[in-house]
Every structure is written in structure tokens, then in C-alpha cells.
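Peer 1: Provided herewith is a single structure, encoded as C-alpha cells, for subsequent inquiry.
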Amino acid sequence: MDADEVRERAGSLPREPGVYLFEQGRDDTRRVLYVGKAVDLRDRVRSYADPRSERIAKMVERAGTIDFAVTDTETQALLLEANLIKRHRPPYNVRLKDDKSYPLVQLTDHPVPRIEVTRDPADGATVYGPFTDKGRVETVVKALRETYGLRGCSDHKYSNRDRPCLDYEMGICTAPCTGEISESDYAEDVEAVTRYFEGETGVLADPLRREMEAAAQSQEFERAANLRDKLGAVEALHGEGDTAVSDSGGYQTTDVLGAAIEGERAIVARLHAEGGKLVERDRHTLEAPDGEGTAGVYRAFIPQYYAERELPDRILCAESPADPDIEAWLESEGVMLGVPGAGREATLVDLALKNARQRGGTDDETGRLADALGIDRPNRIEGFDVSHAQGRSAVGSNVTFVDETPKKSDYRRKKLTERNDDYANMRELLRWRATRAVEERDDRPDPDLLLIDGGDGQLGAARDALAETGWDVPAVALAKDEELVITPDRVYDWDDDAPQLHLLQRVRDEAHRFAVQYHQTLRDDVSTTLDDVPGIGPETRKRLLRRFGSVDGVKAASDEELTAIDGIGEQTAETIRTRLQ
């Protein structure tokens with residue numbers, strides 16, 4: 001499709017919410033290339049006449065048709081988009097690739113329950129888990145069967161037996177199938193197993209420990225060692241659920257998300273807590289969104305992952321997805337979406353980020369970076385970014401990585417002059433850091449390398465500040481759109497899988513997250529004239545500021561835009577306009 005064809009097709013689309021599909025081929029050979037959602041289908045599809053990236057331009061060029069579906073609400077469009085991406089797996093969408101399941105333990109819904117490890121529990125079963133270590137779970141289930149004799153056979157094999165099977169001879173089943181144990185006595189053993197999975201570790205650990213000690217006294221050292229290993233697995237299984245999340249405020253279930261981008265790949269780590277305890281951990285892979293940073297990863301992950309799952313009471317992210325549709329959907333479902341700045345929840349977000357940033361290889365990223373840039377090994381790197389809303393609530397972040405790992409105690413942040421000038425803001429931020437270093441008012445060691453979030457303009461502003469203060473530290477910049485590394489002498493376009501690029505990306509993304517978090521904290525805490533408007537409570541005020549960025553943004557909004565915000569009717573919109581004049 002060329003630009004004229006896109007405009008022609010867009011002109012026939014309705015001005016309603018919905019989803020659109022760019023497709024290649026026709027009839028039976030048709031393939032979905034891209035799925036998107038829109039508040040206004042006509043305007044959104046028309047924008048593809050001037051694609052925002054080279055990748056999307058290639059998609060439009062390959063497409064032969066554009067299909068669409070109208071929805072009643074923007075939330076419906078959001079969920080339909082997620083489901084269509086899952087169904088068609090279009091190559092040009094940022095999509096969730098490894099929707100894994102993890103092992104569970106189930107006691108089947110049967111008068112004589114069966115115990116087994118499964119990833120697909122039966123209807124009506126009592127289920128425990130999920131667990132991250134399948135081998136450990138299998139060891140525990142075997143120990144439970146050896147101690148309490150629960151059956152592991154299928155219902156088909158259990159029925160109509162006239163003699164016990166081999167499991168009975170091996171001592172791992174008490175053979176309720178042939179009446180070797182009564183159903184009432186078997187039920188008492190099932191109750192003991194249930195108590196173990198509900199946290200009473202001694203139900204299994206104590207008999208194992210006694211058996212281990214007896215084997216040692218009898219000098220059966222090999223058997224004692226095996227029992228010791230089983231005991232370790234039995235006690236460690238419950239160690240996966242350490243208290244980590246505050247369960248105050250009525251949040252019984254919490255998901256904590258951390259995202260990291262490495263080249264063309266993005267990783268989201270999810271930690272799930274119930275009743276204040278971590279009960280599940282997993283990692284998921286997506287294609288990295290073009291030029292959208294980690295916020296774009298959250299925007300892609302949240303609707304796709306949760307559209308077909310039960311939502312938690314609360315979702316905590318390292319950075320806001322900055323999508324009003326997602327926020328409205330979660331709010332309508334009673335889910336609190338937050339970006340914690342401090343406390344226990346912030347610590348857990350840091351843990352999720354650490355999980356997302358785990359690397360499978362053993363590349364020396366710092367050494368590769370030194371070789372690529374021709375500098376001494378930069379063991380200590382400081383990253384800088386600025387954040388504001390059209391010049392308001394301007395802030396700067398200064399994060400520190402030591403030996404490729406974030407050092408949170410050396411993070412700093414600064415309020416900046418309110419102005420809509422990224423270059424001036426970066427110059428002010430670096431001048432502040434450099435002046436403190438030169439005057440020995442900063443208690444941190446000098447870094448080996450400075451990383452600026454931005455392009456040539458931001459790097460130039462930072463270098464101006466360094467020259468003014470006389471602080472002699474090498475500085476480079478990392479531009480988001482094409483991931484180009486900019487130095488005073490040249491521009492590097494490293495391969496997406498280059499280890500040295502991954503290190504700089506992690507520093508850049510952390511500086512961006514820390515800046516945005518501080519900016520949002522300042523913006524949301526500001527007492528505004530909106531507080532004096534009757535009918536505007538704290539939650540509605542936050543929605544207005546999230547949607548329009550500032551009081552001036554609210555003032556410039558149309559009546560249609562104001563009344564589209566949940567909780568604002570025509571009368572309240574008119575009152576807002578009157579008070580803000």
C-alpha cells in the first residue's frame with residue numbers, strides 16, 4: 001500500500017472506537033501483519049500514510065488490505081486488540097512470546113483424592129502453587145507419598161482393581177483401591193498433606209528428620225544423605241513465599257512488573273504476591289517496541305497478559321505505561337495501578353527489575369564497552385535524564401551503576417527550572433552534578449563514564465556544563481529511536497545483540513524510569529486550583545492531570561474531552577471552565 005491508498009481506505013472508516021488490521025494477501029491466503037486499537041478509527045488509520053518508523057513503513061508497504069471492527073468503548077477495543085494479537089501473532093506487533101505455565105500440585109476432586117504434579121489442573125481439584133522448581137516439587141510429592149501413601153494413579157486405573165499395584169509394594173501408596181486402608185483413614189492422610197501445603201512444614205519435615213537421624217545412627221550414611229536432601233527440598237518449598245508485599249489497604253493479590261530492553265528483545269519479569277507473600281515468579285519475552293522505551297513494553301504486556309487472566313487487586317510497575325485506555329480499563333475492573341517511589345513495594349519493584357535484567361550469557365559487558373569506545377574500563381557509570389510535562393514539574397535523575405549493577409544508595413534527583421527546553425534542563429542537571437564534584441560537596445566517587453539519555457543535542461548540553469565547571473569525565477549519549485551511541489567524535493551503530501549496548505541500555509532505561517517516577521510524584525502531589533472545584537475529588541483530579549498533563553492542559557481541553565473523563569459530567573465540566581478562567 002502506498003500513502004494515497006492508506007488515505008483512501010481510511011476515509012471510508014467510521015469515527016468510532018475499534019480495532020484495525022493491516023493484512024497481506026487475500027481470501028484464504030490472507031495474513032494479519034499488524035493489529036492496532038483506536039479511539040477514532042479514521043484518524044488513526046490515516047496516520048499510517050506517514051509511518052512513524054522504518055519498520056512500520058515496511059509493514060504498510062507489504063499490506064494489501066485494511067480490515068476493522070467497531071467496539072462500543074475504548075476499553076473493549078483494548079481487550080479485543082490483545083486477543084487478536086494472541087490469535088493471529090502478527091509479525092509487526094510487540095507481542096508476548098513465551099506465555100509459560102508453571103508446575104502445580106493438585107489433589108483431585110474424588111472421594112479418594114489423587115496427588116500429582118501438573119501444569120493443567122482438573123476441574124474441582126484443590127491446587128497448590130505454582131512453583132518455579134519442578135524438580136523440587138517432584139521430590140516433595142514423592143516424600144509425601146512415601147510418608148502418607150497417597151495414590152498417584154489415574155481414576156481409570158484406580159477403579160475395579162482386585163489387588164494392589166506396584167506402588168503399594170514400593171511403599172508409596174496405601175492401596176485404598178483394594179481396601180488395604182479405609183477411606184476415613186486415607187482422608188486423615190490427605191488432611192496431613194493439605195496441612196503441609198498450607199504451611200505446616202513439620203507435618204512432613206519432622207518424620208523425615210527422625211528417619212534421617214535413625215539412619216545415621218545405624219551408619220546407613222547413604223540413606224541418611226538422601227533423606228537429608230529430601231528434607232532440604234521439603235523445607236525449601238515454603239521458602240519461596242517470604243513476606244514481601246504489604247497487604248494493607250485491602251490488596252490481597254499484587255502483581256509487580258519490571259521491564260528491560262536488550263536490543264530487539266524486551267523482558268518483563270512478573271512477581272505475584274498473595275496475602276503479603278510471594279507465591280509466583282516468571283519472565284516473559286516480547287519484541288522491543290520501536291522508540292517507545294520501557295513504557296511501551298508495559299503498554300504491550302499488560303493488556304495482552306491480563307486480557308484472558310484473572311486480574312490481581314493491584315499492579316505495581318517500575319514506570320507508568322502512560323496509556324489512558326489501560327488505566328481506565330484497570331480502574332473499571334477495580335485494579336489499582338501504581339508506581340511506588342519508596343518503601344517495601346518499591347523494593348519489590350527493584351527485585352522485578354533485577355529479574356528482568358538477568359542475563360543468560362557470561363559476556364564482560366564493561367570490558368566490551370571499554371574496547372568499543374577506546375576508554376579505560378568504566379566500572380562506575382552514571383546515567384542522566386530529565387522529565388517534565390510541557391515544562392512543568394521539571395526534574396532530573398542521576399543513577400549509578402557499579403560493575404554493571406544499579407547502586408541505589410548513590411542515586412540522586414534534582415528539581416529543575418520549569419521550562420520546556422530539554423537541552424537547557426540537561427545543561428542545568430550536569431552543571432549541578434559537576435559543580436558538586438569539583439567543589440568536593442558530593443560524597444560519591446567520580447564516575448568513569450557519564451551516559452546521557454538523548455541525542456547529539458543533549459550530549460552537547462552536557463559537555464557544555466562539563467567544560468564550564470572543569471569536570472573531566474568522558475560522556476556519551478544513547479538515542480532512543482535507533483539506539484545510536486553518540487560520542488564527541490563519532491556515532492556508533494552497534495548490533496542489537498552487542499553486550500556493550502545492553503549495558504548502556506540498562507543504565508539509560510533506569511535513568512529514565514527514575515526521572516519519570518520523580519516527575520509523577522511531584523505532579524500528583526501538587527495542590528492545584530482543581531481542588532476547589534465542587535465534585536472533583538483526589539482520584540478525578542489525578543485522572544485529569546494524567547490525561548492533560550497540567551492545569552493549563554485541563555484549561556485548554558474541550559467540553560467533549562473533559563466529559564470523556566470518568567466522573568465528570570457536563571455541569572462539572574462547566575464548573576471547571578469557570579474556576580480556571
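Letters for chains follow the order of the C-alpha cells (A, B, ...), residue numbers begin at 1 for each chain, and ligand numbers begin at 1 in the order shown.
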Could you give me, as a ChimeraX atom specification, the residues within 7 Å of region 91-95 of chain A, counting only C-alpha atoms and dropping anything in the same chain fewer than 3 positions from it?
Peer 2: /A:33-35,59,85,286-289,300
Peer 1: The selected residues should be written to file as an mmCIF file, in the first residue's frame (atoms: C-alpha atoms).
Peer 2:
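Listed below is the output, again-v1.cif:
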```cif
data_model
loop_
_atom_site.group_PDB
_atom_site.id
_atom_site.type_symbol
_atom_site.label_atom_id
_atom_site.label_comp_id
_atom_site.auth_asym_id
_atom_site.auth_seq_id
_atom_site.Cartn_x
_atom_site.Cartn_y
_atom_site.Cartn_z
ATOM 1 C CA LEU A 33 0.561 -8.141 9.660
ATOM 2 C CA TYR A 34 -0.457 -5.680 12.363
ATOM 3 C CA VAL A 35 -3.315 -5.089 14.822
ATOM 4 C CA MET A 59 4.555 -3.141 7.177
ATOM 5 C CA ILE A 85 -2.678 -10.246 18.756
ATOM 6 C CA LEU A 286 8.371 -9.517 23.831
ATOM 7 C CA GLU A 287 9.678 -7.746 20.773
ATOM 8 C CA ALA A 288 11.059 -4.370 21.832
ATOM 9 C CA PRO A 289 8.725 -1.539 20.731
ATOM 10 C CA ALA A 300 2.050 -4.011 25.222
#
```
Peer 1: Can you list, as a ChimeraX atom specification, all residues belonging to region 41-242 of chain A that DSSP tags as helix (DSSP H, G or I)?
Peer 2: /A:41-49,54-62,74-88,134-148,155-158,166-170,176-178,183-197,202-217,221-241
Peer 1: Please tabulate, as JSON lines, the residues of region 243-337 of chain A that come within 10 Å of region 484-497 of chain A, each with its closest pair of atoms and the distance in Å to one decimal, counting only C-alpha atoms and ordering rows by chain, then residue number upward.
Peer 2:
```
{"residue": "A:Glu262", "atom": "CA", "partner": "A:Asp497", "partner_atom": "CA", "distance": 7.2}
{"residue": "A:Gly263", "atom": "CA", "partner": "A:Asp496", "partner_atom": "CA", "distance": 4.1}
{"residue": "A:Glu264", "atom": "CA", "partner": "A:Asp496", "partner_atom": "CA", "distance": 6.2}
{"residue": "A:Arg265", "atom": "CA", "partner": "A:Asp496", "partner_atom": "CA", "distance": 8.8}
```
Peer 1: Do you know which residues are at most 6 Å from region 505-517 of chain A counting only C-alpha atoms, after dropping those on the same chain fewer than 6 positions away, and could you put them as a PyMOL selection string?
Peer 2: chain A and resi 319+383-387+396-397+399+453
Peer 1: Could the residues in this selection be written to a file with N, CA and C atoms, as an mmCIF file, in the first residue's frame?
Peer 2:
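Final output, again_33.cif:
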```
data_model
loop_
_atom_site.group_PDB
_atom_site.id
_atom_site.type_symbol
_atom_site.label_atom_id
_atom_site.label_comp_id
_atom_site.auth_asym_id
_atom_site.auth_seq_id
_atom_site.Cartn_x
_atom_site.Cartn_y
_atom_site.Cartn_z
ATOM 1 N N GLU A 319 7.557 1.791 35.990
ATOM 2 C CA GLU A 319 7.270 3.006 35.232
ATOM 3 C C GLU A 319 5.834 2.929 34.733
ATOM 4 N N GLY A 383 24.183 7.645 34.920
ATOM 5 C CA GLY A 383 23.232 7.974 33.863
ATOM 6 C C GLY A 383 22.384 9.173 34.237
ATOM 7 N N PHE A 384 22.004 9.981 33.227
ATOM 8 C CA PHE A 384 21.255 11.216 33.466
ATOM 9 C C PHE A 384 20.070 11.312 32.507
ATOM 10 N N ASP A 385 18.941 11.795 33.032
ATOM 11 C CA ASP A 385 17.764 12.047 32.193
ATOM 12 C C ASP A 385 16.956 13.155 32.838
ATOM 13 N N VAL A 386 16.108 13.813 32.039
ATOM 14 C CA VAL A 386 15.206 14.846 32.552
ATOM 15 C C VAL A 386 13.784 14.476 32.169
ATOM 16 N N SER A 387 12.836 14.970 32.972
ATOM 17 C CA SER A 387 11.426 14.686 32.707
ATOM 18 C C SER A 387 10.594 15.898 33.108
ATOM 19 N N GLY A 396 15.366 16.194 37.197
ATOM 20 C CA GLY A 396 16.469 15.458 36.610
ATOM 21 C C GLY A 396 16.822 14.260 37.464
ATOM 22 N N SER A 397 17.285 13.191 36.822
ATOM 23 C CA SER A 397 17.695 11.994 37.552
ATOM 24 C C SER A 397 19.179 11.733 37.323
ATOM 25 N N VAL A 399 21.483 8.354 38.114
ATOM 26 C CA VAL A 399 21.571 6.997 38.648
ATOM 27 C C VAL A 399 23.003 6.494 38.502
ATOM 28 N N ASP A 453 20.848 10.406 28.455
ATOM 29 C CA ASP A 453 19.677 9.906 27.740
ATOM 30 C C ASP A 453 19.269 10.961 26.715
#
```
Peer 1: Choose the residue, out of A:Gly470, A:Pro207, A:Pro303, A:Gly291, that has the smallest atom-to-atom separation from Arg431 (chain A); count only C-alpha atoms.
Peer 2: A:Gly470
Peer 1: For Gly18 (chain A), work out the shell of residues within 6 Å, counting only C-alpha atoms and skipping chain neighbours fewer than 2 positions away, then give it as a list of chain:residue names.
Peer 2: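 My list of contacting residues is A:Lys37, A:Ala38, A:Ala69, A:Val70, A:Thr71, A:Ala77.
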Peer 1: Taking 2 positions as the minimum chain separation for residues in the same chain, which residues sit within 12 Å of Arg15 (chain A) when counting only C-alpha atoms? Answer as a list in words.
Peer 2: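 That gives Ala10, Gly11, Ser12, Leu13, Pro17, Gly18, Val19, Ala38, Val39, Asp40, Leu41, Arg42, Asp43, Arg44, Val45, Arg46, Phe68, Ala69, Val70, Thr71 and Asp72 of chain A.
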Peer 1: Pick out the residues sitting within 7 Å of region 192-205 of chain A, and hand them over as a list in words; count only C-alpha atoms, and ignore anything fewer than 5 positions along from it in its own chain.
Peer 2: Tyr128, Leu144, Leu231, Val234, Glu235 and His238 of chain A
Peer 1: Residues near Asp67 (chain A), anyone? I mean within 8 Å using only C-alpha atoms, not counting same-chain ones fewer than 2 positions away, as a list in words.
Peer 2: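 Here the answer would be Tyr20, Leu21, Phe22, Glu23, Thr65 and Ala69 of chain A.
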Peer 1: Convert the current residue selection to file output with C-alpha atoms, as a compact mmCIF listing (two decimals), in the first residue's frame.
Peer 2:
```
# COMPACT_ATOMS: atom_id res chain seq x y z
CA TYR A 20 -7.90 -2.21 12.70
CA LEU A 21 -5.88 -4.93 10.97
CA PHE A 22 -3.31 -4.44 8.22
CA GLU A 23 -3.36 -7.64 6.15
CA THR A 65 -5.97 -4.60 2.74
CA ALA A 69 -14.06 -3.88 13.85
```
Peer 1: Nearest to Asp323 (chain A) among A:Glu561, A:Arg299, A:Gln304, A:Ile172, with distances taken over only C-alpha atoms: which residue is it?
Peer 2: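 Checking each of A:Glu561, A:Arg299, A:Gln304, A:Ile172 against Asp323 (chain A), counting only C-alpha atoms, the winner is A:Arg299.
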